[in-house]
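Contents: one structure, followed by commentary.
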Amino acid sequence: MKNKIVIILTLQFIITVFAFSGCGESTASSNSSKLTYCAYYEDAICDIIKRYNKYCTKHYDESYQIEIVEFESQEEMKLKMSTEIMAGEGPDIFSLSQKLPFEKLTDSKTIADVNELISEFSYDIGIDNCNSKIMDAGVIDGKRYFIPLFYSPDVFITTEETLNKYNLTSSEFSFKALSEKLSKNKKEYSLFGSADDNIAFFYSFLDQYIDFNSGNTEFNSDKFSEDLDSIYSLIKNDTTDENVNYFLYENINNGASILYKEMPAFSGIVRTYSCLKYLGSTPVFVNNYNMDDDSISASTDVGIAVNDNCKNKEKLLLHGPSGCGKTLSAYVLSGELNRPLIIVNLGTIISSKLGETSKNLTQIFKSADKEKAIVETAESAAIRDYKYIINNITKCNLYSFNCLSDTYFNSSVISDIVDKYLNGDISNEKFIRQLTAATEIYLKE
């Protein structure tokens, strides 16, 4: 009997839901037994909460639900939350996307140690079964203050053809090499096609040299000074025109910009990679800047923390199925059996015409009988390369690349210094002195 492995690959969004309890007065629920979360727009946590509340209605009761306390603006929410946190109150669930000084909140014991809560209430939430490199992003001084819910590899998409324009290949890519090639090339270029991404990229560079866990920085190291020159040159000489719409696929395919930072959704990454391949390019992933040149890092796209002032900690609850590994299992099984693995995009199978869908499926299974080699589509090539990155991640950053400009530290502590430096108002030496002083005051005050 022939072994046939046929996968109809669909991109699914599997949600793991965390729900925590307790509340303060002003940000509290109208029902004192309910849980609270603050938001000024419907973010990813709100979506999770709404799904969780439906689950509570079916399996528990309304007292287990979480109430979303809405605000008109981010500043209004930040002010109210900060005031109540200082008074020992505040909402029960914090999101890492909220502009709060989380590094200081862990020092003041405002945020609960999740490990202690798990031990106290005997909850088995499966942290030990998760990728430790990712989960360790939430551990400070041995305590688990933050829970990453979703993460993505900290990589950019480009093409070999674009890199070849600057006499580079993906295997020899580094930002220092790119900076040197661009300086010699003397041509106009756009790094990302977005000035906002340039700023986020700069903050991600700075973040590599700050250890919020130990409170130490390496801004005075020779490596920081040397690489600062390269990163500054890349951003300073960028000619991105904010009045031009750098259309994604044509942008990268034509080399109008060198890199693209895809939104963290896996489906978006695969779609971008696949479209570039269909356009005749050779798409590749390149790592974001990393202080350890050979490392592959990730970023927490959605993460939460729990207010240690929770009034109803006995309701601490996690529920939801994790990814069951269907696709990975198929790859493994294919290798073990030494049989074909056919990966098919669902959109190419389903048809609105009566009978066409079953005919398409029949054809795929016939192909599985005949083929003795793996049939690889553009989508499966993207998944293969993406999987390699995921399997080789060495560390995870606490904040998402796309939110770095809005973290409390970056936006409230060092943003003025960064702006002055990138505008050319202060020298490298002065920038390093001011950056070091501001960071040390924040970490140690």
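By convention here, the chains of the structure tokens are called A, B, ... in the order presented, each chain's residues are numbered starting at 1, and ligands are numbered starting at 1 in the order presented.
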
Can you list, as a list in words, every protein, DNA or RNA residue that comes within 8 Å of A:Leu435 when you count only C-alpha atoms, leaving out same-chain residues fewer than 4 positions away?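 Listing them by chain and then by number gives Phe219, Ile414, Ile417, Phe431 and Thr439 of chain A.
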
Would you mind exporting the chosen residues as a tab-separated table (two decimals), in the first residue's frame, restricted to C-alpha atoms?
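Just written: result.tsv:
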chain	number	residue	atom	x	y	z
A	219	PHE	CA	26.34	52.37	24.86
A	414	ILE	CA	14.93	59.12	25.07
A	417	ILE	CA	17.65	62.80	22.34
A	431	PHE	CA	24.36	61.49	21.67
A	439	THR	CA	18.88	55.56	30.45

Residue with smallest distance to A:Val139 - pool A:Ser427, A:Asn397, A:Asn237, A:Thr83, counting only C-alpha atoms: A:Asn397

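Nearest to A:Leu404 of all the residues A:Asp207, A:Glu440, A:Glu314, A:Asp425 is A:Asp207, based on only C-alpha atoms.
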
Considering only C-alpha atoms, return as a JSON list (two decimals) with N, CA and C atoms, in the first residue's frame whatever protein or nucleic-acid residues lie within 12 Å of A:Asn213, sequence-local ones (same chain, fewer than 6 positions apart) excluded.
[["chain", "number", "residue", "atom", "x", "y", "z"],
["A", 102, "PHE", "N", 6.79, 49.71, 32.20],
["A", 102, "PHE", "CA", 6.72, 48.35, 32.73],
["A", 102, "PHE", "C", 7.97, 47.96, 33.51],
["A", 103, "GLU", "N", 9.14, 48.46, 33.06],
["A", 103, "GLU", "CA", 10.37, 48.12, 33.77],
["A", 103, "GLU", "C", 10.34, 48.63, 35.21],
["A", 104, "LYS", "N", 9.72, 49.78, 35.42],
["A", 104, "LYS", "CA", 9.60, 50.34, 36.77],
["A", 104, "LYS", "C", 8.48, 49.67, 37.55],
["A", 106, "THR", "N", 7.65, 46.58, 37.49],
["A", 106, "THR", "CA", 8.13, 45.32, 38.08],
["A", 106, "THR", "C", 8.92, 45.60, 39.35],
["A", 107, "ASP", "N", 9.68, 46.70, 39.37],
["A", 107, "ASP", "CA", 10.44, 47.07, 40.57],
["A", 107, "ASP", "C", 9.52, 47.39, 41.74],
["A", 136, "ASP", "N", 10.94, 33.35, 27.88],
["A", 136, "ASP", "CA", 11.92, 34.01, 28.75],
["A", 136, "ASP", "C", 11.95, 35.53, 28.55],
["A", 137, "ALA", "N", 11.34, 36.01, 27.49],
["A", 137, "ALA", "CA", 11.26, 37.46, 27.28],
["A", 137, "ALA", "C", 10.50, 38.13, 28.41],
["A", 138, "GLY", "N", 9.59, 37.39, 29.04],
["A", 138, "GLY", "CA", 8.78, 37.95, 30.12],
["A", 138, "GLY", "C", 9.36, 37.75, 31.50],
["A", 139, "VAL", "N", 10.56, 37.16, 31.59],
["A", 139, "VAL", "CA", 11.16, 36.87, 32.89],
["A", 139, "VAL", "C", 12.19, 37.94, 33.25],
["A", 140, "ILE", "N", 12.02, 38.56, 34.40],
["A", 140, "ILE", "CA", 12.94, 39.58, 34.90],
["A", 140, "ILE", "C", 13.33, 39.19, 36.33],
["A", 141, "ASP", "N", 14.63, 39.13, 36.57],
["A", 141, "ASP", "CA", 15.13, 38.74, 37.89],
["A", 141, "ASP", "C", 14.52, 37.43, 38.37],
["A", 142, "GLY", "N", 14.35, 36.50, 37.45],
["A", 142, "GLY", "CA", 13.85, 35.17, 37.81],
["A", 142, "GLY", "C", 12.35, 35.09, 38.00],
["A", 143, "LYS", "N", 11.63, 36.19, 37.82],
["A", 143, "LYS", "CA", 10.18, 36.18, 38.00],
["A", 143, "LYS", "C", 9.48, 36.42, 36.65],
["A", 144, "ARG", "N", 8.39, 35.70, 36.43],
["A", 144, "ARG", "CA", 7.68, 35.77, 35.17],
["A", 144, "ARG", "C", 6.59, 36.86, 35.25],
["A", 145, "TYR", "N", 6.98, 38.07, 34.84],
["A", 145, "TYR", "CA", 6.06, 39.20, 34.93],
["A", 145, "TYR", "C", 5.19, 39.35, 33.68],
["A", 397, "ASN", "N", 12.59, 39.63, 22.06],
["A", 397, "ASN", "CA", 12.48, 40.96, 22.64],
["A", 397, "ASN", "C", 11.08, 41.17, 23.20],
["A", 398, "LEU", "N", 10.98, 41.97, 24.24],
["A", 398, "LEU", "CA", 9.70, 42.14, 24.92],
["A", 398, "LEU", "C", 8.70, 42.96, 24.12],
["A", 443, "LEU", "N", 16.68, 53.75, 34.73],
["A", 443, "LEU", "CA", 16.81, 52.39, 35.27],
["A", 443, "LEU", "C", 17.08, 52.35, 36.76],
["A", 444, "LYS", "N", 17.70, 53.40, 37.28],
["A", 444, "LYS", "CA", 18.19, 53.34, 38.66],
["A", 444, "LYS", "C", 17.49, 54.30, 39.62]]

Give me the residues within 9 Å of A:Asp154 as a ChimeraX atom specification, counting only C-alpha atoms and dropping any in the same chain fewer than 6 places off. /A:261,286-289,296-299,396-397,400-401

Using backbone DSSP assignments, extract all strand (DSSP E or B) residues from stretch 174-221 of chain A; output them as a list in words.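 Matching residues for strand (DSSP E or B) in stretch 174-221 of chain A are Ser190, Ile210, Asp211, Asn216 and Thr217 of chain A.
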
Best match for closeness to A:Asp293 among A:Asp113, A:Glu218, A:Asp385, A:Asp227, counting only C-alpha atoms: A:Asp227

Output as a ChimeraX atom specification all residues of stretch 145-308 of chain A that backbone DSSP marks as alpha helix (DSSP H). /A:160-164,175-185,195-207,222-236,248-254,266-278

Resulting file, chosen residues, C-alpha atoms, as an mmCIF file, in the first residue's frame:
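The file below, selection-v2.cif, is the result:
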data_model
loop_
_atom_site.group_PDB
_atom_site.id
_atom_site.type_symbol
_atom_site.label_atom_id
_atom_site.label_comp_id
_atom_site.auth_asym_id
_atom_site.auth_seq_id
_atom_site.Cartn_x
_atom_site.Cartn_y
_atom_site.Cartn_z
ATOM 1 C CA GLU A 160 18.477 38.566 -3.997
ATOM 2 C CA GLU A 161 18.028 40.773 -7.065
ATOM 3 C CA THR A 162 17.740 43.899 -4.895
ATOM 4 C CA LEU A 163 20.790 42.967 -2.851
ATOM 5 C CA ASN A 164 22.753 42.208 -6.024
ATOM 6 C CA PHE A 175 23.829 46.354 7.975
ATOM 7 C CA LYS A 176 27.439 47.433 8.166
ATOM 8 C CA ALA A 177 28.120 45.892 4.738
ATOM 9 C CA LEU A 178 24.922 47.448 3.352
ATOM 10 C CA SER A 179 25.919 50.867 4.669
ATOM 11 C CA GLU A 180 29.365 50.591 3.083
ATOM 12 C CA LYS A 181 27.945 49.489 -0.280
ATOM 13 C CA LEU A 182 25.367 52.269 -0.331
ATOM 14 C CA SER A 183 27.989 54.883 0.543
ATOM 15 C CA LYS A 184 30.101 53.776 -2.413
ATOM 16 C CA ASN A 185 27.117 53.449 -4.743
ATOM 17 C CA ALA A 195 10.197 56.964 7.550
ATOM 18 C CA ASP A 196 8.297 55.431 10.495
ATOM 19 C CA ASP A 197 9.990 52.079 9.866
ATOM 20 C CA ASN A 198 13.351 53.864 9.787
ATOM 21 C CA ILE A 199 12.692 55.212 13.291
ATOM 22 C CA ALA A 200 11.480 51.838 14.580
ATOM 23 C CA PHE A 201 14.597 50.254 13.099
ATOM 24 C CA PHE A 202 16.788 52.750 14.967
ATOM 25 C CA TYR A 203 15.009 52.056 18.259
ATOM 26 C CA SER A 204 15.387 48.309 17.692
ATOM 27 C CA PHE A 205 19.125 48.909 17.271
ATOM 28 C CA LEU A 206 19.326 50.844 20.548
ATOM 29 C CA ASP A 207 17.276 48.194 22.340
ATOM 30 C CA ASP A 222 33.346 50.110 20.776
ATOM 31 C CA LYS A 223 30.837 47.916 18.920
ATOM 32 C CA PHE A 224 27.953 50.277 19.668
ATOM 33 C CA SER A 225 29.936 53.293 18.507
ATOM 34 C CA GLU A 226 31.060 51.545 15.333
ATOM 35 C CA ASP A 227 27.637 50.172 14.415
ATOM 36 C CA LEU A 228 25.962 53.472 15.315
ATOM 37 C CA ASP A 229 27.891 55.076 12.458
ATOM 38 C CA SER A 230 26.553 52.479 10.021
ATOM 39 C CA ILE A 231 22.932 52.649 11.191
ATOM 40 C CA TYR A 232 22.964 56.455 11.253
ATOM 41 C CA SER A 233 24.358 56.563 7.720
ATOM 42 C CA LEU A 234 21.649 54.220 6.441
ATOM 43 C CA ILE A 235 18.873 56.363 7.908
ATOM 44 C CA LYS A 236 20.420 59.788 7.267
ATOM 45 C CA LEU A 248 4.470 46.625 -1.435
ATOM 46 C CA TYR A 249 5.161 43.936 -4.026
ATOM 47 C CA GLU A 250 6.240 46.230 -6.863
ATOM 48 C CA ASN A 251 8.282 48.209 -4.360
ATOM 49 C CA ILE A 252 10.421 45.259 -3.289
ATOM 50 C CA ASN A 253 10.380 43.557 -6.686
ATOM 51 C CA ASN A 254 11.645 46.682 -8.461
ATOM 52 C CA PHE A 266 1.982 34.772 9.435
ATOM 53 C CA SER A 267 -0.471 34.878 6.528
ATOM 54 C CA GLY A 268 0.837 38.323 5.536
ATOM 55 C CA ILE A 269 4.447 37.165 5.577
ATOM 56 C CA VAL A 270 3.671 34.132 3.426
ATOM 57 C CA ARG A 271 1.573 36.225 1.036
ATOM 58 C CA THR A 272 4.358 38.780 0.556
ATOM 59 C CA TYR A 273 7.011 36.126 0.054
ATOM 60 C CA SER A 274 4.796 34.212 -2.385
ATOM 61 C CA CYS A 275 3.850 37.245 -4.470
ATOM 62 C CA LEU A 276 7.494 38.199 -4.877
ATOM 63 C CA LYS A 277 8.233 34.680 -6.074
ATOM 64 C CA TYR A 278 5.342 34.794 -8.520
#

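For the pair atom CA of A:Lys80 and atom CA of A:Gln98, the interatomic distance is 12.3 Å.
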
May I ask which of the residues A:Ser97, A:Thr57, A:Asn290, A:Ser190 is the closest one to A:Ile393, counting only C-alpha atoms? A:Asn290

For A:Cys38, which residue among A:Lys311, A:Lys99, A:Lys387, A:Lys430 is the nearest when counting only C-alpha atoms?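 Result for the nearest residue to A:Cys38: A:Lys99.
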
The distance between atom CA of A:Tyr40 and atom CA of A:Gln74 is 5.9 Å

List as a ChimeraX atom specification the protein and nucleic acid residues near A:Val302, meaning an atom at most 8 Å away when only C-alpha atoms are counted, but skip any in the same chain fewer than 3 places from it. /A:44-45,95-97,148-151,400

Counting only C-alpha atoms, closest pick from A:Phe94, A:Tyr60, A:Tyr123, A:Phe192 relative to A:Cys46 is A:Phe94

Using atom CA of A:Thr159 and atom CA of A:Asn391 as the two end points, give the distance in Å to one decimal. 21.9 Å

Tell me, as an MDAnalysis selection string, which residues lie within 8 Å of A:Asn53, counting only C-alpha atoms; anything in the same chain fewer than 4 positions away does not count. chainID A and resid 49 57 62 64:66

Please produce an output containing N, CA and C atoms for each residue in the selection, written as a compact mmCIF listing (two decimals), in the first residue's frame.
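File again-v8.txt, as written:
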# COMPACT_ATOMS: atom_id res chain seq x y z
N ILE A 49 -10.50 39.07 24.34
CA ILE A 49 -11.45 39.18 25.45
C ILE A 49 -12.87 38.88 24.97
N THR A 57 -19.78 32.66 28.77
CA THR A 57 -21.23 32.57 28.75
C THR A 57 -21.69 31.12 28.58
N GLU A 62 -21.29 34.86 33.88
CA GLU A 62 -20.84 36.20 33.52
C GLU A 62 -19.82 36.77 34.49
N TYR A 64 -17.15 35.55 35.33
CA TYR A 64 -15.80 35.23 34.84
C TYR A 64 -15.40 36.10 33.66
N GLN A 65 -16.33 36.89 33.16
CA GLN A 65 -16.04 37.70 31.98
C GLN A 65 -15.13 38.88 32.31
N ILE A 66 -14.56 39.46 31.27
CA ILE A 66 -13.70 40.63 31.40
C ILE A 66 -14.41 41.82 30.77

Compile the contact shell of A:Leu100 as a short mmCIF file (atom, residue, chain, number, x, y, z; two decimals) with C-alpha atoms, in the first residue's frame: residues with an atom at most 8 Å away, counting only C-alpha atoms, same-chain residues fewer than 5 positions apart removed.
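Final output, result-v9.cif:
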data_model
loop_
_atom_site.label_atom_id
_atom_site.label_comp_id
_atom_site.auth_asym_id
_atom_site.auth_seq_id
_atom_site.Cartn_x
_atom_site.Cartn_y
_atom_site.Cartn_z
CA LYS A 78 -2.49 56.56 30.27
CA SER A 82 -1.02 55.83 35.94
CA THR A 407 6.99 52.29 24.37
CA TYR A 408 7.19 54.41 27.50
#
